[in-house]
Each structure stands twice: as structure tokens, then as C-alpha cells.
$ cat protein.cif   # mmCIF, C-alpha atoms
data_input
loop_
_atom_site.label_atom_id
_atom_site.label_comp_id
_atom_site.auth_asym_id
_atom_site.auth_seq_id
_atom_site.Cartn_x
_atom_site.Cartn_y
_atom_site.Cartn_z
CA MET Q 226 127.16 63.96 174.76
CA LYS Q 227 124.94 62.94 177.64
CA GLY Q 228 123.63 60.01 175.71
CA LEU Q 229 127.15 58.93 174.87
CA LYS Q 230 128.19 59.23 178.48
CA GLY Q 231 125.18 57.29 179.69
CA ARG Q 232 125.59 54.55 177.09
CA ARG Q 233 129.28 54.09 177.76
CA GLY Q 234 128.76 54.15 181.50
CA ARG Q 235 126.43 51.17 181.48
CA PRO Q 236 128.03 47.70 181.84
CA ALA Q 237 126.07 46.41 178.83
CA GLY Q 238 127.31 49.31 176.70
CA ILE Q 239 130.90 48.68 177.85
CA ALA Q 240 130.61 44.98 176.99
CA LEU Q 241 129.21 45.68 173.52
CA SER Q 242 131.91 48.26 172.88
CA SER Q 243 134.57 45.75 173.97
CA VAL Q 244 133.18 43.08 171.63
CA ARG Q 245 133.25 45.49 168.67
CA MET Q 246 136.82 46.56 169.47
CA ALA Q 247 137.95 42.96 169.85
CA MET Q 248 136.39 41.94 166.55
CA GLY Q 249 137.99 44.95 164.90
CA GLN Q 250 141.37 43.95 166.36
CA LEU Q 251 141.03 40.41 165.00
CA GLY Q 252 140.81 41.79 161.48
CA LYS Q 253 143.13 44.76 161.88
CA ASP Q 254 146.46 42.98 162.13
CA ARG Q 255 145.68 39.40 161.23
CA PHE Q 256 149.23 38.09 161.29
CA ARG Q 257 149.97 39.47 164.76
CA THR Q 258 146.61 38.26 166.03
CA PHE Q 259 147.20 34.81 164.52
CA LEU Q 260 150.60 34.43 166.21
CA SER Q 261 149.19 35.47 169.56
CA LEU Q 262 146.10 33.29 169.42
CA ALA Q 263 148.04 30.30 168.09
CA GLY Q 264 149.64 29.86 171.52
CA ILE Q 265 146.23 29.83 173.19
CA SER Q 266 144.84 27.44 170.56
CA VAL Q 267 147.74 24.98 170.90
CA GLY Q 268 147.60 25.15 174.69
CA ILE Q 269 143.87 24.49 174.90
CA PHE Q 270 144.20 21.76 172.25
CA CYS Q 271 146.90 19.96 174.29
CA VAL Q 272 144.91 20.19 177.50
CA SER Q 273 141.54 19.24 176.02
CA ALA Q 274 142.91 16.48 173.75
CA ALA Q 275 144.83 14.87 176.62
CA GLY Q 276 141.75 15.12 178.81
CA ALA Q 277 139.42 13.68 176.16
CA ILE Q 278 141.77 10.78 175.39
CA THR Q 279 142.40 9.89 179.04
CA GLN Q 280 138.72 10.12 179.96
CA SER Q 281 137.67 7.94 177.02
CA ILE Q 282 140.32 5.27 177.60
CA GLN Q 283 139.59 5.17 181.34
CA LYS Q 284 135.86 4.87 180.70
CA THR Q 285 136.35 2.12 178.09
CA MET Q 286 138.78 0.12 180.21
CA ARG Q 287 136.61 0.52 183.30
CA GLU Q 288 133.59 -0.77 181.38
CA GLY Q 289 135.60 -3.75 180.17
CA ILE Q 290 136.84 -4.58 183.68
CA GLU Q 291 133.41 -4.05 185.24
CA GLN Q 292 132.10 -6.75 182.90
CA PHE Q 293 134.22 -9.21 184.87
CA GLY Q 294 134.03 -7.48 188.22
CA GLY Q 295 137.01 -5.75 189.73
CA ASP Q 296 137.63 -8.73 192.02
CA ALA Q 297 137.87 -11.32 189.22
CA LEU Q 298 140.97 -13.51 189.62
CA PHE Q 299 143.27 -14.94 186.97
CA VAL Q 300 145.67 -17.78 187.74
CA GLU Q 301 148.52 -17.45 185.24
CA LYS Q 302 152.19 -18.06 184.65
CA THR Q 303 153.34 -14.48 185.26
CA PRO Q 304 152.06 -11.63 187.46
CA MET Q 305 150.40 -8.55 186.01
CA GLU Q 306 152.44 -6.38 188.33
CA PRO Q 307 155.95 -5.94 186.84
CA ASP Q 308 158.69 -7.55 188.93
CA LEU Q 309 161.59 -5.10 188.54
CA ASN Q 310 165.08 -5.28 189.99
CA GLU Q 311 166.97 -2.35 191.52
CA ASP Q 312 167.90 -1.14 188.01
CA GLY Q 313 164.28 -1.11 186.84
CA VAL Q 314 164.73 -4.20 184.61
CA PHE Q 315 161.94 -6.79 184.47
CA ARG Q 316 163.10 -10.11 185.98
CA TRP Q 317 161.98 -12.13 182.96
CA TRP Q 318 164.37 -14.96 183.78
CA LYS Q 319 162.29 -15.80 186.86
CA TYR Q 320 159.24 -16.56 184.76
CA VAL Q 321 160.45 -17.93 181.42
CA SER Q 322 160.87 -21.46 182.84
CA ARG Q 323 157.58 -21.49 184.75
CA PRO Q 324 155.00 -24.02 183.52
CA GLU Q 325 151.74 -22.78 182.05
CA VAL Q 326 148.60 -23.32 184.10
CA SER Q 327 147.27 -26.72 183.01
CA TRP Q 328 143.81 -28.03 182.27
CA ARG Q 329 144.39 -30.79 184.85
CA GLU Q 330 144.95 -28.13 187.54
CA TYR Q 331 141.68 -26.52 186.52
CA ARG Q 332 139.91 -29.88 186.75
CA ASP Q 333 141.36 -30.45 190.25
CA LEU Q 334 139.92 -27.11 191.37
CA LEU Q 335 136.56 -27.98 189.82
CA GLU Q 336 136.47 -31.40 191.47
CA ASP Q 337 137.39 -29.88 194.82
CA ARG Q 338 134.50 -27.37 194.58
CA PRO Q 339 132.05 -28.90 192.06
CA GLU Q 340 129.31 -26.42 193.05
CA SER Q 341 131.44 -23.43 192.08
CA ARG Q 342 130.29 -21.26 189.20
CA GLY Q 343 132.25 -18.66 187.27
CA LEU Q 344 135.25 -20.98 186.92
CA CYS Q 345 136.80 -21.23 183.45
CA TYR Q 346 139.94 -22.55 181.77
CA ALA Q 347 141.26 -21.03 178.56
CA ALA Q 348 144.32 -21.73 176.43
CA CYS Q 349 145.51 -19.50 173.61
CA TYR Q 350 146.97 -21.04 170.46
CA GLY Q 351 147.63 -17.94 168.38
CA ARG Q 352 144.25 -16.99 166.90
CA VAL Q 353 142.57 -20.06 168.35
CA VAL Q 354 141.26 -19.92 171.93
CA ALA Q 355 140.20 -23.18 173.60
CA VAL Q 356 137.86 -22.95 176.59
CA ASP Q 357 136.27 -25.17 179.20
CA GLY Q 358 133.84 -24.56 182.03
CA ASP Q 359 131.91 -21.30 182.40
CA TRP Q 360 133.50 -19.82 179.26
CA SER Q 361 130.94 -16.99 179.00
CA SER Q 362 132.28 -15.57 182.28
CA LEU Q 363 135.66 -15.04 180.58
CA ILE Q 364 134.49 -14.09 177.09
CA ARG Q 365 131.80 -11.46 177.67
CA ASN Q 366 131.10 -10.70 174.01
CA GLY Q 367 127.49 -11.37 173.21
CA LEU Q 368 126.54 -13.50 170.21
CA SER Q 369 125.49 -11.61 167.09
CA SER Q 370 124.31 -14.84 165.45
CA GLY Q 371 124.20 -18.56 166.05
CA ARG Q 372 124.56 -20.20 169.45
CA GLY Q 373 127.06 -20.96 172.16
CA PHE Q 374 128.63 -24.27 173.19
CA THR Q 375 126.51 -26.96 174.79
CA GLU Q 376 127.67 -28.86 177.87
CA ALA Q 377 128.04 -31.98 175.74
CA GLU Q 378 130.32 -30.17 173.26
CA LEU Q 379 132.51 -28.87 176.08
CA ARG Q 380 132.60 -32.28 177.80
CA ASP Q 381 133.12 -34.50 174.76
CA GLY Q 382 135.15 -32.22 172.47
CA GLY Q 383 132.40 -31.50 169.98
CA TYR Q 384 133.42 -30.10 166.62
CA ALA Q 385 132.18 -26.53 167.01
CA ALA Q 386 133.68 -23.05 166.76
CA ILE Q 387 132.50 -19.50 167.46
CA LEU Q 388 134.19 -16.77 165.43
CA GLY Q 389 135.07 -13.24 166.48
CA ALA Q 390 133.47 -10.28 164.71
CA ASP Q 391 136.58 -9.59 162.59
CA ALA Q 392 137.52 -13.19 161.81
CA SER Q 393 135.23 -13.51 158.78
CA GLU Q 394 138.14 -14.25 156.45
CA GLU Q 395 138.83 -17.42 158.45
CA CYS Q 396 135.39 -18.82 157.57
CA ASP Q 397 134.95 -20.89 154.42
CA ASN Q 398 131.39 -22.06 153.67
CA GLY Q 399 130.54 -22.23 157.36
CA TYR Q 400 133.79 -23.95 158.40
CA VAL Q 401 137.00 -22.71 159.98
CA THR Q 402 140.37 -24.48 159.78
CA VAL Q 403 141.81 -25.34 163.21
CA GLY Q 404 145.09 -27.19 163.11
CA SER Q 405 144.66 -29.62 160.24
CA ILE Q 406 140.88 -30.05 160.32
CA SER Q 407 137.79 -28.03 159.39
CA VAL Q 408 135.43 -27.21 162.23
CA PRO Q 409 131.85 -26.02 161.67
CA VAL Q 410 131.09 -22.47 162.80
CA ILE Q 411 128.08 -22.46 165.13
CA GLY Q 412 128.03 -18.74 166.02
CA ARG Q 413 129.66 -15.32 165.87
CA PHE Q 414 130.59 -12.94 168.64
CA GLU Q 415 129.70 -9.27 168.76
CA ARG Q 416 132.60 -6.86 168.40
CA SER Q 417 134.28 -5.88 171.66
CA GLY Q 418 136.97 -3.50 170.32
CA ILE Q 419 139.14 -1.88 172.98
CA ASN Q 420 136.60 -3.01 175.58
CA SER Q 421 138.03 -6.50 175.36
CA VAL Q 422 139.61 -7.74 178.59
CA GLY Q 423 140.75 -11.34 178.55
CA ILE Q 424 143.23 -13.87 177.30
CA ALA Q 425 143.28 -12.81 173.63
CA ASP Q 426 141.83 -10.54 170.96
CA ILE Q 427 138.51 -12.32 170.63
CA ASP Q 428 137.47 -10.11 167.71
CA ASN Q 429 140.07 -11.89 165.56
CA ALA Q 430 139.93 -15.33 167.13
CA ALA Q 431 138.15 -18.63 166.75
CA VAL Q 432 136.93 -20.14 170.04
CA ILE Q 433 136.61 -23.92 170.38
CA PRO Q 434 136.10 -26.38 173.28
CA TYR Q 435 139.36 -27.27 175.03
CA THR Q 436 138.50 -30.95 174.87
CA LEU Q 437 138.48 -30.60 171.08
CA ALA Q 438 141.86 -28.85 171.11
CA ARG Q 439 143.31 -31.83 173.04
CA LYS Q 440 142.43 -34.08 170.09
CA LEU Q 441 144.19 -31.91 167.52
CA SER Q 442 147.83 -31.88 166.54
CA GLY Q 443 149.89 -28.90 165.49
CA LEU Q 444 148.56 -26.54 168.17
CA GLU Q 445 151.12 -24.92 170.47
CA CYS Q 446 149.86 -23.24 173.62
CA GLU Q 447 151.12 -19.67 174.00
CA ARG Q 448 149.28 -18.79 177.17
CA SER Q 449 146.76 -20.36 179.51
CA VAL Q 450 144.70 -19.05 182.38
CA ILE Q 451 142.18 -20.14 184.99
CA SER Q 452 139.65 -17.37 185.54
CA VAL Q 453 137.66 -17.19 188.75
CA GLN Q 454 134.70 -14.85 189.18
CA PRO Q 455 134.04 -13.06 192.50
CA GLY Q 456 132.25 -15.30 194.96
CA SER Q 457 133.24 -18.57 193.27
CA PHE Q 458 135.43 -19.66 196.20
CA GLY Q 459 134.20 -17.34 198.93
CA ALA Q 460 135.86 -14.31 200.48
CA ASP Q 461 139.25 -16.02 200.74
CA ALA Q 462 139.34 -17.07 197.07
CA GLU Q 463 142.83 -15.70 196.39
CA GLU Q 464 144.41 -17.51 199.33
CA TYR Q 465 142.46 -20.67 198.58
CA LEU Q 466 143.71 -20.71 194.98
CA ARG Q 467 147.30 -20.18 196.12
CA LEU Q 468 147.16 -23.08 198.55
CA ALA Q 469 145.37 -25.34 196.08
CA LEU Q 470 147.93 -24.70 193.31
CA ARG Q 471 150.85 -25.12 195.69
CA ARG Q 472 149.40 -28.46 196.81
CA THR Q 473 148.78 -29.62 193.24
CA ARG Q 474 152.29 -28.63 192.16
CA ARG Q 475 153.81 -29.99 195.37
CA ILE Q 476 155.67 -26.79 196.19
CA GLU Q 477 157.60 -27.15 199.44
CA ALA Q 478 156.84 -24.92 202.40
CA GLY Q 479 158.84 -21.67 202.23
CA ALA Q 480 159.48 -22.03 198.49
CA GLU Q 481 158.31 -19.26 196.13
CA ASP Q 482 155.15 -19.75 194.05
CA ASN Q 483 155.77 -20.68 190.41
CA PHE Q 484 152.47 -19.15 189.35
CA ALA Q 485 150.62 -15.87 189.91
CA VAL Q 486 147.11 -15.06 191.11
CA ASN Q 487 146.23 -11.77 189.45
CA ARG Q 488 143.36 -9.43 190.24
CA LEU Q 489 141.79 -7.18 187.60
CA SER Q 490 141.48 -4.29 190.05
CA PHE Q 491 145.28 -3.95 189.84
CA VAL Q 492 145.01 -3.28 186.10
CA MET Q 493 142.54 -0.47 186.74
CA GLU Q 494 144.77 1.08 189.40
CA GLU Q 495 147.75 1.01 187.05
CA MET Q 496 145.64 2.41 184.21
CA ASP Q 497 144.41 5.26 186.42
CA GLY Q 498 148.02 6.14 187.29
CA LEU Q 499 149.07 6.07 183.64
CA MET Q 500 146.13 8.23 182.56
CA LYS Q 501 146.85 10.77 185.31
CA MET Q 502 150.44 11.00 184.10
CA LEU Q 503 149.26 11.52 180.51
CA SER Q 504 146.81 14.20 181.65
CA ARG Q 505 149.56 15.99 183.60
CA LEU Q 506 151.82 15.87 180.54
CA GLY Q 507 149.06 17.49 178.48
CA TRP Q 508 148.68 20.22 181.09
CA ILE Q 509 152.44 20.85 181.23
CA ILE Q 510 152.74 21.18 177.44
CA GLY Q 511 149.55 23.21 177.34
CA ALA Q 512 150.76 25.50 180.13
CA PHE Q 513 153.83 26.55 178.13
CA SER Q 514 151.70 27.27 175.08
CA LEU Q 515 149.16 29.17 177.17
CA LEU Q 516 151.98 31.20 178.75
CA ILE Q 517 153.29 32.18 175.31
CA GLY Q 518 149.76 32.97 174.14
CA GLY Q 519 149.13 35.04 177.26
CA PHE Q 520 152.25 37.12 176.65
CA GLY Q 521 151.16 37.56 173.04
CA ILE Q 522 147.74 38.84 174.05
CA ALA Q 523 149.27 41.15 176.66
CA ASN Q 524 151.55 42.52 173.95
CA ILE Q 525 148.58 43.13 171.63
CA MET Q 526 146.71 44.92 174.40
CA PHE Q 527 149.66 47.18 175.26
CA VAL Q 528 149.93 48.09 171.56
CA ASN Q 529 146.18 48.77 171.48
CA VAL Q 530 146.41 51.04 174.51
CA SER Q 531 149.25 52.94 172.88
CA GLU Q 532 147.43 53.27 169.55
CA ARG Q 533 144.12 54.27 171.15
CA THR Q 534 145.44 56.65 173.81
CA PRO Q 535 143.63 59.71 172.34
CA GLU Q 536 140.40 57.69 172.23
CA ILE Q 537 140.85 56.74 175.88
CA GLY Q 538 141.41 60.40 176.74
CA LEU Q 539 138.22 61.35 174.90
CA GLN Q 540 136.19 58.71 176.75
CA MET Q 541 137.43 59.95 180.09
CA ALA Q 542 136.85 63.59 179.11
CA LEU Q 543 133.24 62.68 178.32
CA GLY Q 544 132.85 61.23 181.81
CA ALA Q 545 133.75 57.57 181.43
CA PRO Q 546 135.14 56.32 184.80
CA ALA Q 547 138.59 54.73 184.94
CA TRP Q 548 137.13 51.35 185.89
CA SER Q 549 135.03 51.25 182.71
CA VAL Q 550 138.16 51.81 180.59
CA ALA Q 551 139.95 49.02 182.48
CA VAL Q 552 136.99 46.64 182.07
CA GLN Q 553 136.88 47.48 178.37
CA TYR Q 554 140.41 46.25 177.77
CA VAL Q 555 140.10 43.23 180.08
CA CYS Q 556 136.97 42.19 178.13
CA GLU Q 557 138.80 42.67 174.85
CA ALA Q 558 141.70 40.49 176.01
CA ALA Q 559 139.27 37.83 177.27
CA ILE Q 560 137.42 37.78 173.95
CA LEU Q 561 140.67 37.43 172.01
CA SER Q 562 141.76 34.59 174.27
CA ALA Q 563 138.34 32.91 174.09
CA ALA Q 564 138.60 32.96 170.28
CA GLY Q 565 141.90 31.10 170.54
CA GLY Q 566 140.43 28.66 173.09
CA LEU Q 567 137.46 27.97 170.84
CA ALA Q 568 139.82 27.25 167.94
CA GLY Q 569 141.77 24.79 170.12
CA LEU Q 570 138.58 23.03 171.18
CA CYS Q 571 137.48 22.81 167.55
CA LEU Q 572 140.80 21.09 166.74
CA THR Q 573 140.14 18.60 169.54
CA TRP Q 574 136.65 17.96 168.18
CA VAL Q 575 138.11 17.29 164.71
CA LEU Q 576 140.63 14.90 166.29
CA CYS Q 577 137.77 13.02 167.97
CA LEU Q 578 136.04 12.66 164.60
CA LEU Q 579 139.20 11.44 162.84
CA ILE Q 580 139.95 8.64 165.32
CA PRO Q 581 137.79 5.60 164.43
CA ALA Q 582 135.29 4.64 167.12
CA GLU Q 583 136.35 1.00 166.67
CA ALA Q 584 139.83 1.91 167.93
CA VAL Q 585 138.72 4.05 170.87
CA ASP Q 586 135.54 6.04 171.27
CA ILE Q 587 136.92 9.53 172.03
CA SER Q 588 134.53 12.41 172.59
CA LEU Q 589 134.82 15.98 173.81
CA SER Q 590 132.57 16.12 176.86
CA ALA Q 591 130.62 19.20 177.92
CA GLU Q 592 132.72 19.36 181.09
CA MET Q 593 135.95 19.34 179.08
CA PHE Q 594 134.61 22.02 176.72
CA ALA Q 595 133.60 24.21 179.66
CA ALA Q 596 136.98 23.68 181.35
CA GLY Q 597 138.81 24.61 178.14
CA MET Q 598 136.83 27.80 177.64
CA ALA Q 599 137.20 28.73 181.32
CA THR Q 600 140.97 28.25 181.08
CA ALA Q 601 141.16 30.38 177.93
CA LEU Q 602 139.10 33.16 179.54
CA ALA Q 603 141.26 33.04 182.68
CA VAL Q 604 144.41 33.42 180.58
CA GLY Q 605 142.84 36.32 178.66
CA VAL Q 606 141.71 38.14 181.79
CA THR Q 607 145.12 37.69 183.41
CA ALA Q 608 146.93 38.86 180.26
CA GLY Q 609 144.67 41.90 179.95
CA LEU Q 610 145.00 43.14 183.53
CA ALA Q 611 148.32 45.01 183.19
CA PRO Q 612 147.38 46.80 179.91
CA ALA Q 613 143.94 47.63 181.34
CA ILE Q 614 145.44 49.15 184.49
CA SER Q 615 147.87 51.20 182.43
CA ALA Q 616 144.95 52.50 180.32
CA ALA Q 617 142.90 53.36 183.41
CA LYS Q 618 145.76 55.38 184.88
CA LEU Q 619 146.00 57.74 181.88
CA GLN Q 620 145.08 61.36 182.50
CA PRO Q 621 142.49 62.70 180.02
CA ALA Q 622 144.37 65.92 179.18
CA GLU Q 623 147.67 64.10 178.64
CA ALA Q 624 146.03 61.29 176.64
CA LEU Q 625 144.27 63.72 174.28
CA THR Q 626 147.53 65.45 173.37
CA ARG Q 627 149.39 62.23 172.47
CA ASN Q 628 149.70 61.31 168.80
#
$ encode --input "protein.cif" --output "C-alpha cells"
Amino acid sequence: MKGLKGRRGRPAGIALSSVRMAMGQLGKDRFRTFLSLAGISVGIFCVSAAGAITQSIQKTMREGIEQFGGDALFVEKTPMEPDLNEDGVFRWWKYVSRPEVSWREYRDLLEDRPESRGLCYAACYGRVVAVDGDWSSLIRNGLSSGRGFTEAELRDGGYAAILGADASEECDNGYVTVGSISVPVIGRFERSGINSVGIADIDNAAVIPYTLARKLSGLECERSVISVQPGSFGADAEEYLRLALRRTRRIEAGAEDNFAVNRLSFVMEEMDGLMKMLSRLGWIIGAFSLLIGGFGIANIMFVNVSERTPEIGLQMALGAPAWSVAVQYVCEAAILSAAGGLAGLCLTWVLCLLIPAEAVDISLSAEMFAAGMATALAVGVTAGLAPAISAAKLQPAEALTRN
């Protein structure tokens, strides 16, 4: 008896006893346990999956933008920031008639500041991208094979093309068809995947000199851009570009710009806001599931207290303090909840494995795993408090006489 009392009175003995009881409960009524732990599993899955997805996308997009520098500027036809009216409708009619940024406007900028570096012009013709200037500052994919464009090829319109990593089907015996002619392939880009930030999907494109594109017929420009790297025009680059384009296009004083100077940092700010909203949505959905799971675990624990009332009375009669009984049931609830949390995290891990890394490299970080387990344990402890208190308040004589 003394040994039993001493063993059960020690915290380690109480913890071991709680683990055994919890494991026994998991197998005792499997259907009831499954229903209760399903809520915890779904809740932790929603929270951890949303967190893993948002963290991975933010990291990938940030890496892509950092390749350019957050202060990189893009002179384009339309602004990145949506121009919405009072009804939340995009004012597309303001931009549909705007002219695309032209190669001549790029050349004017280059002639005005010939010493500037990091200045590039690019025009997109479907899966063909034509470039001029410092094209490697816009297309940051490294070369997996071959070489880049020479200055002579860019200046004179040399017949040369660099293919994206996934554009192999476009290549025929070392040539790619652009417009109505075959152009020799001089190199291939490395795959950028979701990391790609630029005018087009370079992985599926063929890149040629713009001066070559000017010689070809049958190409219709879908989008063009002048990219300017930080420091190319000094600290006042954005204002300088605005004034230079207004002067080139002869826009009268007071009239609205018919072009936009976009900054990549705006994209990151918008992405951060979107990811925070997605993360909150995951927490909201997860919170409802966790609430249901918590009620389920509390219900299991109340049933356990009722079924094991004589056992509780015996423990107390042998000298077990009330707090040890309470801790026993709180530990049992926490273990049950942790089992559900672990199942939810395993589902998230499987989801990370199923999503191809080429699409988006999603991983379950150690911080997210720890946060998920901590949340599950917190739900379990909270759910087990009321049943544990009710068990601790039982009187030994009364508990022993209950059937």
C-alpha cells in the first residue's frame, strides 16, 4: 500500500499512469475517440497547412523580388495597383487605349543617360520575348547551357535565341521557329518556376534580341516594359522617368500620365496582405474545428470520470491528493488532443509531399510543427480542466460506493 501511495504521489508516476490510461482510452471506444480527435486533426491541419502554404509562397515570391531589388522600377502601360471606382470595379477603360511603352522611348532614355546600367527594354509576343539593353537584369535565370547574347547581336539583330527550361518542344535540331523564320538556339535558361518575376513565363519562352524582332513579320506585341534597376538614375529615378516619358510623349502640364511607373516593393506589400488574409482564414476554419474537438475531448473525459469514479475513490483512499487526480485527467486530455494534433500535422506533411516542388516548394517548418503541437496541447489542457476539477472534488467514501 505504501509503495502504491508513494508511486502514485510522484509526478513521474502520475504522468506514466496518465499515459497508460490515455492509450487505453484510445483503444477502448475507437469510434468515439475517432470522432473527438477528428475535430482536433482537421483544426490543426487547417492551421498548419495555411501557415505552410503562406510561408512558402511568401518566401518564394520574396526571393524572386529580391533578385531584382525591391526598388526596381517598371515603366508599363498599366499600374500594378488596381484602379477601382467607388463600386470596386477596375477602371479598365482608362487603360485599354493607352499606347505600349516603345523601344524608341527606351532609346531616348538610354541616350539621355548613356552611362546608366541596369536599363532594359522587353516586348512580349506570346511565347517570344524580345529584349534590348541589360537584359540579364530583367531575366535573372542563369544559363544551364550555351551562352548569352553578345553586344553585336543585340545591336545588329543577330539571329540568336535562348530557350526557357520547359520550351524544349520548340527546338528542332538546334533551331526555334520565330514568326516565319528559324533562329539558331545559342543557350538555355535554368528553370525559375514560381520564382519568376518579370514580363513573361521565361520557362516556356524563347528570348531573342529586339532588333531581330523588328525585322520579322507576323509578331504582335502583347506587352512591353522598360525595366530600371535601383541606382540606374539616382535617388529620384521614379520622378525622373515620369518627367522623361511625359516629355517624350508631349503630355501637357496638368494632364494625367498615360503610362505607369511601377515598383516591385508594391507587389510584395500586396502579397504580404493576401498571405495574412489566407493565414487568418486558416485560423478561423481551424478554430471552429478545434472548438468542436475540444468539446469532444471534454465529453470523453467526463465519461471517463463517471466510469472510473470507484477507481478515483480508491486512489484517494490510498492517500492520493486531489491535485494528483486532477493532473491525471488533464494529462490524459492533453495526450488525446496531442494525438489528434500529430495526425493533423502528418496530413499537412503528406500535402507538402503531394504538391510538386516545381509548382511551389511547400514544407512544414519546425516552427510550424511546434506551433501546431502547442495549440493541440493547449486545447487538450483547456478541455480537460473541467472534468479534472470534477474528479478532484469527489469524496473518497462517496466515490467508492458508486457503481
$ closest_residue --input "protein.cif" --among "Q:Met502, Q:Ala430, Q:Val530, Q:Ile517" --to "Gly276 of chain Q" --atoms "all atoms listed in the file"
Q:Met502
$ resolve_selection --input "protein.cif" --expression "the PyMOL selection byres ((chain Q and resi 593-600) around 10)" --output "number ranges by chain"
Q: 265, 268-270, 272-274, 276-277, 280, 515, 562-567, 569-571, 573-574, 588-592, 601-606
$ atom_distance --input "protein.cif" --atom1 "atom CA of Gly383 of chain Q" --atom2 "atom CA of Leu437 of chain Q"
6.2 Å
$ resolve_selection --input "protein.cif" --expression "the PyMOL selection byres ((chain Q and resi 473-488) around 7)" --output "count of residues only"
19
$ atom_distance --input "protein.cif" --atom1 "atom CA of Ile427 of chain Q" --atom2 "atom CA of Arg352 of chain Q"
8.3 Å
$ atom_distance --input "protein.cif" --atom1 "atom CA of Arg380 of chain Q" --atom2 "atom CA of Val353 of chain Q"
18.4 Å
$ closest_residue --input "protein.cif" --among "Q:Ile387, Q:Ile522, Q:Ala547, Q:Ala355" --to "Lys440 of chain Q" --atoms "only C-alpha atoms"
Q:Ala355
$ resolve_selection --input "protein.cif" --expression "the PyMOL selection byres ((chain Q and resi 442) around 10)" --output "number ranges by chain"
Q: 403-406, 438-441, 443-445
$ closest_residue --input "protein.cif" --among "Q:Pro546, Q:Gly264, Q:Gly351, Q:Pro581" --to "Ala512 of chain Q" --atoms "only C-alpha atoms"
Q:Gly264
$ closest_residue --input "protein.cif" --among "Q:Asp359, Q:Asp312, Q:Asp426, Q:Glu376" --to "Val453 of chain Q" --atoms "all atoms listed in the file"
Q:Asp359
$ residues_around --input "protein.cif" --residues "Thr607 of chain Q" --least-positions-apart "5" --cutoff "9 Å" --atoms "all atoms listed in the file" --output "list in words"
Gly519, Ala523, Val555, Ala558, Ala559 and Leu602 of chain Q
$ closest_residue --input "protein.cif" --among "Q:Met526, Q:Gly367, Q:Glu311, Q:Ala617" --to "Ser549 of chain Q" --atoms "only C-alpha atoms"
Q:Ala617
$ decode --input "protein.cif" --residues "segment 297-309 of chain Q" --atoms "N, CA, C and O atoms" --output "compact mmCIF listing (two decimals), in the first residue's frame"
# COMPACT_ATOMS: atom_id res chain seq x y z
N ALA Q 297 13.34 48.08 -57.75
CA ALA Q 297 13.36 48.03 -59.21
C ALA Q 297 12.09 48.66 -59.76
O ALA Q 297 11.00 48.51 -59.21
N LEU Q 298 12.23 49.40 -60.86
CA LEU Q 298 11.10 50.12 -61.47
C LEU Q 298 10.75 49.51 -62.82
O LEU Q 298 11.63 49.05 -63.55
N PHE Q 299 9.45 49.53 -63.13
CA PHE Q 299 8.96 49.04 -64.41
C PHE Q 299 8.06 50.11 -65.02
O PHE Q 299 7.03 50.47 -64.42
N VAL Q 300 8.45 50.61 -66.18
CA VAL Q 300 7.60 51.55 -66.91
C VAL Q 300 6.73 50.74 -67.85
O VAL Q 300 7.22 50.04 -68.74
N GLU Q 301 5.41 50.82 -67.63
CA GLU Q 301 4.47 49.98 -68.38
C GLU Q 301 3.23 50.78 -68.77
O GLU Q 301 3.08 51.96 -68.41
N LYS Q 302 2.35 50.08 -69.43
CA LYS Q 302 1.08 50.68 -69.87
C LYS Q 302 0.11 50.89 -68.71
O LYS Q 302 -0.56 51.91 -68.62
N THR Q 303 0.02 49.90 -67.84
CA THR Q 303 -0.95 49.94 -66.74
C THR Q 303 -0.25 49.83 -65.39
O THR Q 303 0.83 49.25 -65.28
N PRO Q 304 -0.85 50.37 -64.33
CA PRO Q 304 -0.25 50.27 -63.00
C PRO Q 304 -0.48 48.90 -62.39
O PRO Q 304 -1.44 48.20 -62.70
N MET Q 305 0.44 48.49 -61.50
CA MET Q 305 0.25 47.25 -60.76
C MET Q 305 -0.87 47.40 -59.73
O MET Q 305 -1.60 46.46 -59.45
N GLU Q 306 -0.96 48.59 -59.15
CA GLU Q 306 -2.00 48.83 -58.16
C GLU Q 306 -3.34 48.99 -58.85
O GLU Q 306 -3.50 49.83 -59.74
N PRO Q 307 -4.35 48.17 -58.50
CA PRO Q 307 -5.65 48.25 -59.17
C PRO Q 307 -6.30 49.61 -58.99
O PRO Q 307 -6.33 50.15 -57.89
N ASP Q 308 -6.79 50.17 -60.08
CA ASP Q 308 -7.51 51.45 -60.04
C ASP Q 308 -9.00 51.13 -60.03
O ASP Q 308 -9.60 50.84 -61.07
N LEU Q 309 -9.61 51.17 -58.85
CA LEU Q 309 -11.01 50.79 -58.69
C LEU Q 309 -11.89 52.02 -58.50
O LEU Q 309 -11.48 53.00 -57.88
